[in-house]
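Novice: One structure is given below, represented as structure tokens, and several questions about it will come after.
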Amino acid sequence: MPFLRINNHQLHYTDSHPSGGPAGGHTLIFTHGLGSSQNYYFPVLPYLTKHHRCITPDTYGSARSPYTEQDVSISSIAADVVGILDALSIDKAIVVGHSMGGLVVTLLGAQYKDRVSGIVAIGPTHPGEKLAEIMQKRSETAAESGIESLANAIPDAATGSKSTPLARSFIRELVLSQDPKGYAALCRAIANAPTVDYGAITAPFLLIAGEEDKSASMEGCEFIFNGVTSSKKKMEVLKGIGHWQCLEAADDVGKLIEGFVGGL
């Protein structure tokens with residue numbers, strides 16, 4: 001399995017075109033959410049890899065990127081993304097992030113403008129007191145009781161009315177495969193997330209929201225979207241879809257990202 005050593009830890013990743021992307025295409029790098037992995041994006045990649053290079057790492061402390069008691073924050077995850085680009089000799093990329101990854105890509109857009117050619121935020125979470133309380137409690141649950149109770153609850157609680165048993169089983173497997181200590185550390189990273197200066201984001205911006213998303217509320221998504229100052233921005237709302245958009249509505253999300261990237 002391919003790993004990169006970035007910022008003193010090992011990150012597992014996949015690269016659709018390790019020798020360089022197709023002529024005329026873009027490079028995209030994907031950051032998944034809490035309790036997830038690079039596999040979250042695989043249902044949408046077929047819409048992109050024919051014409052573009054897609055890099056999908058497991059965030060430090062998640063899935064196959066082992067947790068080694070190193071401090072982790074939204075800022076450190078963003079630095080890891082930049083570190084991957086550096087290691088692969090990529091100057092700029094379209095950054096795609098879901099949920100916690102949405103926090104990461106908005107931070108990248110605000111603080112690493114020279115490395116970002118576009119942003120896709122899927123169900124991005126907006127920092128706040130309520131989110132911090134939820135994440136702190138979840139961190140304590142994972143640390144004290146393990147991950148199974150969360151894996152059993154999240155698939156039903158965080159999906160929409162159009163979700164299928166297959167999507168929910170995939171979500172359960174993603175959560176169940178997490179290191180409880182790594183999961184707890186990432187919960188704390190979200191609880192302590194910095195306030196992002198959305199007004200500093202000027203790269204082309206696409207926000208994909210789930211109409212029935214209880215984790216990344218429509219109010220929070222609209223706040224993020226309205227704050228972004230890009231001259232090219234769009235928000236799409238998926239009817240009947242909850243928080244796990246790439247699994248609940250893979251075809252819709254894939255087509256939306258494909259259209260956005262093709263227009264850059």
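Identifiers in this document derive from the order of the structure tokens: chains are assigned A, B, ..., residues are numbered from 1 separately in each chain, and ligands are numbered from 1 in order of occurrence.
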Got a sec: who's within 9 Å of Ile257 in chain A, counting only C-alpha atoms, leaving out chain neighbours fewer than 4 positions off, as number ranges by chain?

Specialist: A: 44, 47-48, 120, 206, 252-253, 261-262

Novice: Can you write out the residues you just picked, keeping N, CA and C atoms, as an mmCIF file, in the first residue's frame?

Specialist:
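Result file is selection26.cif:
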```cif
data_model
loop_
_atom_site.group_PDB
_atom_site.id
_atom_site.type_symbol
_atom_site.label_atom_id
_atom_site.label_comp_id
_atom_site.auth_asym_id
_atom_site.auth_seq_id
_atom_site.Cartn_x
_atom_site.Cartn_y
_atom_site.Cartn_z
ATOM 1 N N VAL A 44 -17.785 8.401 -6.359
ATOM 2 C CA VAL A 44 -17.868 9.550 -7.269
ATOM 3 C C VAL A 44 -16.649 9.664 -8.185
ATOM 4 N N TYR A 47 -16.563 9.560 -12.186
ATOM 5 C CA TYR A 47 -16.948 10.747 -12.944
ATOM 6 C C TYR A 47 -15.761 11.668 -13.215
ATOM 7 N N LEU A 48 -14.639 11.402 -12.570
ATOM 8 C CA LEU A 48 -13.529 12.353 -12.608
ATOM 9 C C LEU A 48 -12.222 11.793 -13.153
ATOM 10 N N VAL A 120 -14.321 22.418 -3.436
ATOM 11 C CA VAL A 120 -15.617 21.753 -3.365
ATOM 12 C C VAL A 120 -15.845 21.370 -1.906
ATOM 13 N N LEU A 206 -17.657 25.539 -4.930
ATOM 14 C CA LEU A 206 -18.904 24.779 -5.034
ATOM 15 C C LEU A 206 -19.229 24.205 -3.666
ATOM 16 N N ASP A 252 -25.389 11.961 -8.273
ATOM 17 C CA ASP A 252 -25.642 13.404 -8.258
ATOM 18 C C ASP A 252 -24.380 14.175 -7.884
ATOM 19 N N VAL A 253 -23.691 13.716 -6.835
ATOM 20 C CA VAL A 253 -22.479 14.413 -6.392
ATOM 21 C C VAL A 253 -21.394 14.323 -7.455
ATOM 22 N N VAL A 261 -15.598 21.071 -12.114
ATOM 23 C CA VAL A 261 -14.201 20.968 -12.522
ATOM 24 C C VAL A 261 -14.055 21.222 -14.022
ATOM 25 N N GLY A 262 -14.999 20.727 -14.809
ATOM 26 C CA GLY A 262 -14.927 20.930 -16.245
ATOM 27 C C GLY A 262 -15.071 22.378 -16.670
#
```

Novice: Tell me, which residues of range 161-221 of chain A carry DSSP strand (DSSP E or B), written as a count of residues only?

Specialist: 6

Novice: Residues within 12 Å of Pro18 in chain A, please, as a VMD selection string. Count only C-alpha atoms; anything in the same chain fewer than 2 positions from it doesn't count.

Specialist: chain A and resid 2 13 to 16 20 to 22 27 49 52 to 56 87 to 90

Novice: Would you output that residue set with N, CA, C and O atoms, as a compact mmCIF listing (two decimals), in the first residue's frame?

Specialist:
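Okay, result_19.txt is ready:
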```
# COMPACT_ATOMS: atom_id res chain seq x y z
N PRO A 2 0.52 2.28 -0.77
CA PRO A 2 1.36 3.48 -0.81
C PRO A 2 1.15 4.37 0.41
O PRO A 2 0.02 4.69 0.79
N TYR A 13 -2.53 6.70 1.01
CA TYR A 13 -3.23 7.46 -0.03
C TYR A 13 -3.34 6.62 -1.30
O TYR A 13 -2.62 5.63 -1.48
N THR A 14 -4.24 7.03 -2.17
CA THR A 14 -4.29 6.49 -3.53
C THR A 14 -4.17 7.64 -4.51
O THR A 14 -4.55 8.78 -4.21
N ASP A 15 -3.65 7.33 -5.68
CA ASP A 15 -3.42 8.34 -6.71
C ASP A 15 -3.84 7.71 -8.04
O ASP A 15 -3.26 6.72 -8.48
N SER A 16 -4.87 8.28 -8.65
CA SER A 16 -5.40 7.69 -9.88
C SER A 16 -4.40 7.75 -11.04
O SER A 16 -4.45 6.93 -11.96
N GLY A 20 1.31 11.38 -13.36
CA GLY A 20 0.82 12.68 -13.85
C GLY A 20 -0.54 12.53 -14.49
O GLY A 20 -0.86 11.50 -15.08
N GLY A 21 -1.37 13.57 -14.37
CA GLY A 21 -2.74 13.49 -14.85
C GLY A 21 -2.85 13.60 -16.36
O GLY A 21 -1.90 13.94 -17.06
N PRO A 22 -4.06 13.31 -16.89
CA PRO A 22 -4.30 13.43 -18.33
C PRO A 22 -4.07 14.85 -18.82
O PRO A 22 -4.29 15.83 -18.09
N THR A 27 -5.83 18.47 -11.19
CA THR A 27 -5.53 17.60 -10.06
C THR A 27 -6.47 17.94 -8.93
O THR A 27 -6.64 19.11 -8.59
N THR A 49 -11.94 10.51 -12.90
CA THR A 49 -10.60 10.01 -13.16
C THR A 49 -10.27 9.83 -14.64
O THR A 49 -9.10 9.71 -15.00
N HIS A 52 -9.09 13.61 -15.09
CA HIS A 52 -8.40 14.34 -14.04
C HIS A 52 -7.65 13.39 -13.10
O HIS A 52 -8.01 12.22 -12.95
N ARG A 53 -6.63 13.92 -12.46
CA ARG A 53 -5.87 13.18 -11.46
C ARG A 53 -6.54 13.35 -10.10
O ARG A 53 -6.79 14.49 -9.66
N CYS A 54 -6.81 12.26 -9.41
CA CYS A 54 -7.51 12.30 -8.13
C CYS A 54 -6.66 11.63 -7.05
O CYS A 54 -6.29 10.46 -7.18
N ILE A 55 -6.36 12.38 -6.00
CA ILE A 55 -5.54 11.89 -4.88
C ILE A 55 -6.42 11.83 -3.65
O ILE A 55 -7.05 12.82 -3.27
N THR A 56 -6.49 10.64 -3.03
CA THR A 56 -7.41 10.43 -1.91
C THR A 56 -6.67 9.85 -0.72
O THR A 56 -6.48 8.64 -0.62
N ALA A 87 5.03 16.70 -1.58
CA ALA A 87 5.71 15.41 -1.77
C ALA A 87 5.50 14.87 -3.17
O ALA A 87 6.37 14.17 -3.71
N LEU A 88 4.36 15.19 -3.78
CA LEU A 88 4.05 14.70 -5.12
C LEU A 88 4.37 15.74 -6.20
O LEU A 88 4.00 15.56 -7.36
N SER A 89 5.04 16.82 -5.80
CA SER A 89 5.46 17.89 -6.73
C SER A 89 4.29 18.48 -7.50
O SER A 89 4.33 18.68 -8.72
N ILE A 90 3.21 18.79 -6.76
CA ILE A 90 2.01 19.39 -7.34
C ILE A 90 1.91 20.83 -6.83
O ILE A 90 1.85 21.06 -5.62
```

Novice: Determine which residues of range 16-125 of chain A receive a DSSP assignment of helix (DSSP H, G or I), computed from the backbone, and state them as a short mmCIF file (atom, residue, chain, number, x, y, z; two decimals) with C-alpha atoms, in the first residue's frame.

Specialist:
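Saved result, out38.cif, follows:
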```cif
data_model
loop_
_atom_site.label_atom_id
_atom_site.label_comp_id
_atom_site.auth_asym_id
_atom_site.auth_seq_id
_atom_site.Cartn_x
_atom_site.Cartn_y
_atom_site.Cartn_z
CA GLN A 38 -10.64 7.73 1.28
CA ASN A 39 -13.21 5.08 0.33
CA TYR A 40 -16.00 7.59 0.97
CA TYR A 41 -15.09 9.22 -2.34
CA LEU A 45 -14.36 9.07 -8.66
CA PRO A 46 -15.51 7.37 -11.91
CA TYR A 47 -16.95 10.75 -12.94
CA ILE A 74 -7.93 21.26 11.51
CA SER A 75 -4.85 23.37 10.82
CA SER A 76 -2.54 20.34 10.98
CA ILE A 77 -4.78 18.39 8.58
CA ALA A 78 -4.65 21.34 6.17
CA ALA A 79 -0.84 21.35 6.51
CA ASP A 80 -0.85 17.61 5.72
CA VAL A 81 -2.78 18.29 2.50
CA VAL A 82 -0.16 20.85 1.46
CA GLY A 83 2.56 18.38 2.49
CA ILE A 84 1.09 15.73 0.19
CA LEU A 85 1.04 18.20 -2.70
CA ASP A 86 4.68 19.07 -1.97
CA ALA A 87 5.71 15.41 -1.77
CA MET A 100 -14.66 17.85 8.82
CA GLY A 101 -12.89 17.90 5.46
CA GLY A 102 -15.11 20.85 4.56
CA LEU A 103 -13.55 22.75 7.43
CA VAL A 104 -10.14 21.80 6.08
CA VAL A 105 -10.75 22.94 2.50
CA THR A 106 -12.26 26.27 3.51
CA LEU A 107 -9.22 26.86 5.71
CA LEU A 108 -6.98 25.94 2.77
CA GLY A 109 -8.86 28.36 0.55
CA ALA A 110 -8.41 31.16 3.08
CA GLN A 111 -4.80 30.52 4.12
CA LYS A 113 -4.51 30.64 -1.77
CA ASP A 114 -1.45 29.94 -3.91
CA ARG A 115 -2.01 26.17 -3.65
#
```

Novice: Out of A:Val237, A:Val196, A:Ala184, A:Leu207, which residue has the shortest atom-to-atom distance to Val96 in chain A when counting only C-alpha atoms?

Specialist: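 Closest residue, counting only C-alpha atoms: A:Leu207.
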
Novice: Tell me, as a list in words, which residues lie within 7 Å of Leu186 in chain A, counting only C-alpha atoms; anything in the same chain fewer than 3 positions away does not count.

Specialist: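 Listing them by chain and then by number gives Leu34, Val72, Gly182, Tyr183, Ala189 and Ile190 of chain A.
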
Novice: List as a PyMOL selection string the protein and nucleic acid residues near Leu247 in chain A, meaning an atom at most 7 Å away when only C-alpha atoms are counted, but skip any in the same chain fewer than 3 places from it.

Specialist: chain A and resi 40+43+167+244+250

Novice: Those selected residues, please, written with N, CA, C and O atoms and delivered as a compact mmCIF listing (two decimals), in the first residue's frame.

Specialist:
```txt
# COMPACT_ATOMS: atom_id res chain seq x y z
N TYR A 40 -14.77 6.80 1.06
CA TYR A 40 -16.00 7.59 0.97
C TYR A 40 -16.16 8.19 -0.42
O TYR A 40 -17.28 8.33 -0.93
N PRO A 43 -17.20 6.14 -4.78
CA PRO A 43 -18.38 6.11 -5.65
C PRO A 43 -18.47 7.27 -6.63
O PRO A 43 -19.17 7.17 -7.64
N ALA A 167 -26.03 2.00 1.57
CA ALA A 167 -25.28 3.18 2.00
C ALA A 167 -25.07 3.17 3.51
O ALA A 167 -23.96 3.46 3.99
N TRP A 244 -24.16 12.14 4.49
CA TRP A 244 -23.17 11.30 3.81
C TRP A 244 -23.43 11.33 2.30
O TRP A 244 -23.74 10.33 1.66
N ALA A 250 -24.41 9.29 -4.85
CA ALA A 250 -23.11 9.29 -5.53
C ALA A 250 -23.20 9.87 -6.95
O ALA A 250 -22.35 10.66 -7.35
```

Novice: Find the spatial neighbours of Phe3 in chain A, counting only C-alpha atoms, within a cut-off of 10 Å - ignore same-chain residues fewer than 2 positions away - and output them as number ranges by chain.

Specialist: A: 1, 5-6, 9-14, 57-58, 64-65

Novice: Enumerate, in order of chain and increasing residue number, the residues of range 138-168 of chain A with an atom no farther than 12 Å from range 211-216 of chain A, each with its shortest atom pair and distance in Å to one decimal, counting only C-alpha atoms, as JSON lines.

Specialist:
```
{"residue": "A:Ile154", "atom": "CA", "partner": "A:Ser215", "partner_atom": "CA", "distance": 10.5}
{"residue": "A:Asp156", "atom": "CA", "partner": "A:Lys214", "partner_atom": "CA", "distance": 11.4}
{"residue": "A:Ala157", "atom": "CA", "partner": "A:Lys214", "partner_atom": "CA", "distance": 8.3}
{"residue": "A:Ala158", "atom": "CA", "partner": "A:Lys214", "partner_atom": "CA", "distance": 6.5}
{"residue": "A:Thr159", "atom": "CA", "partner": "A:Asp213", "partner_atom": "CA", "distance": 7.1}
{"residue": "A:Gly160", "atom": "CA", "partner": "A:Glu212", "partner_atom": "CA", "distance": 5.4}
{"residue": "A:Ser161", "atom": "CA", "partner": "A:Glu212", "partner_atom": "CA", "distance": 7.8}
{"residue": "A:Lys162", "atom": "CA", "partner": "A:Glu212", "partner_atom": "CA", "distance": 9.6}
{"residue": "A:Ser163", "atom": "CA", "partner": "A:Glu212", "partner_atom": "CA", "distance": 10.6}
```

Novice: Go ahead and write the selection's residues with all heavy atoms as an mmCIF file, in the first residue's frame.

Specialist:
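The result, written out as result-v1.cif:
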```cif
data_model
loop_
_atom_site.group_PDB
_atom_site.id
_atom_site.type_symbol
_atom_site.label_atom_id
_atom_site.label_comp_id
_atom_site.auth_asym_id
_atom_site.auth_seq_id
_atom_site.Cartn_x
_atom_site.Cartn_y
_atom_site.Cartn_z
ATOM 1 N N ILE A 154 -24.764 6.119 14.056
ATOM 2 C CA ILE A 154 -24.544 7.153 13.049
ATOM 3 C C ILE A 154 -25.223 6.873 11.710
ATOM 4 O O ILE A 154 -25.815 7.789 11.113
ATOM 5 C CB ILE A 154 -23.023 7.411 12.875
ATOM 6 C CG1 ILE A 154 -22.483 8.134 14.114
ATOM 7 C CG2 ILE A 154 -22.734 8.213 11.609
ATOM 8 C CD1 ILE A 154 -20.972 8.253 14.158
ATOM 9 N N ASP A 156 -28.022 5.584 10.790
ATOM 10 C CA ASP A 156 -29.430 5.969 10.758
ATOM 11 C C ASP A 156 -29.628 7.437 11.113
ATOM 12 O O ASP A 156 -30.449 8.130 10.508
ATOM 13 C CB ASP A 156 -30.240 5.094 11.716
ATOM 14 C CG ASP A 156 -30.394 3.674 11.215
ATOM 15 O OD1 ASP A 156 -30.532 3.489 9.994
ATOM 16 O OD2 ASP A 156 -30.349 2.743 12.034
ATOM 17 N N ALA A 157 -28.850 7.921 12.080
ATOM 18 C CA ALA A 157 -29.061 9.276 12.587
ATOM 19 C C ALA A 157 -28.603 10.349 11.600
ATOM 20 O O ALA A 157 -29.146 11.456 11.591
ATOM 21 C CB ALA A 157 -28.316 9.454 13.910
ATOM 22 N N ALA A 158 -27.616 10.032 10.757
ATOM 23 C CA ALA A 158 -26.995 11.072 9.938
ATOM 24 C C ALA A 158 -27.330 10.972 8.453
ATOM 25 O O ALA A 158 -26.754 11.700 7.651
ATOM 26 C CB ALA A 158 -25.478 11.026 10.119
ATOM 27 N N THR A 159 -28.269 10.101 8.079
ATOM 28 C CA THR A 159 -28.634 9.970 6.673
ATOM 29 C C THR A 159 -30.045 10.502 6.432
ATOM 30 O O THR A 159 -30.808 10.739 7.367
ATOM 31 C CB THR A 159 -28.541 8.510 6.210
ATOM 32 O OG1 THR A 159 -29.325 7.692 7.091
ATOM 33 C CG2 THR A 159 -27.108 8.018 6.218
ATOM 34 N N GLY A 160 -30.379 10.685 5.151
ATOM 35 C CA GLY A 160 -31.675 11.234 4.793
ATOM 36 C C GLY A 160 -32.665 10.177 4.368
ATOM 37 O O GLY A 160 -32.362 8.975 4.351
ATOM 38 N N SER A 161 -33.860 10.617 3.993
ATOM 39 C CA SER A 161 -34.954 9.699 3.665
ATOM 40 C C SER A 161 -34.698 8.893 2.402
ATOM 41 O O SER A 161 -35.303 7.847 2.187
ATOM 42 C CB SER A 161 -36.267 10.474 3.533
ATOM 43 O OG SER A 161 -36.150 11.506 2.561
ATOM 44 N N LYS A 162 -33.803 9.344 1.527
ATOM 45 C CA LYS A 162 -33.484 8.606 0.310
ATOM 46 C C LYS A 162 -32.330 7.626 0.488
ATOM 47 O O LYS A 162 -31.961 6.930 -0.459
ATOM 48 C CB LYS A 162 -33.150 9.581 -0.824
ATOM 49 C CG LYS A 162 -34.355 10.342 -1.366
ATOM 50 C CD LYS A 162 -33.967 11.159 -2.590
ATOM 51 C CE LYS A 162 -35.175 11.864 -3.184
ATOM 52 N NZ LYS A 162 -34.804 12.676 -4.378
ATOM 53 N N SER A 163 -31.772 7.570 1.672
ATOM 54 C CA SER A 163 -30.645 6.676 1.909
ATOM 55 C C SER A 163 -31.083 5.214 1.778
ATOM 56 O O SER A 163 -32.229 4.861 2.048
ATOM 57 C CB SER A 163 -30.065 6.917 3.301
ATOM 58 O OG SER A 163 -28.969 6.063 3.553
#
```

Novice: Quick check, in Å to one decimal: how far apart do CA of Val175 in chain A and CA of Leu150 in chain A lie?

Specialist: 7.4 Å

Novice: Which residue out of A:Pro194, A:Thr68, A:Ile201, A:Ile208 has the minimum interatomic distance to Ser231 in chain A when only C-alpha atoms are used?

Specialist: A:Ile201

Novice: Using only C-alpha atoms, find the one residue out of A:Gly128, A:Pro165, A:Gly61, A:Gly123 that sits nearest to Ile241 in chain A.

Specialist: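 Of all the options, A:Gly123 lies closest to Ile241 in chain A.
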
Novice: Restricting the calculation to only C-alpha atoms, which member of A:Lys233, A:Arg188, A:Lys137, A:His51 is positioned closest to Pro204 in chain A?

Specialist: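 The closest residue to Pro204 in chain A is A:Lys233.
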
Novice: Looking at A:Ala191, A:Cys246, A:Ile134, A:Ala121, which one is nearest to Ile224 in chain A, with distances taken over only C-alpha atoms?

Specialist: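 Looking only at the distances to Ile224 in chain A, the closest residue turns out to be A:Ala121.
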
Novice: Tell me which protein, DNA and RNA residues are within 12 Å of Ala142 in chain A, counting only C-alpha atoms, leaving out same-chain ones fewer than 2 positions away, and put them as a ChimeraX atom specification.

Specialist: /A:35,135-140,144-151,175-176,178-188
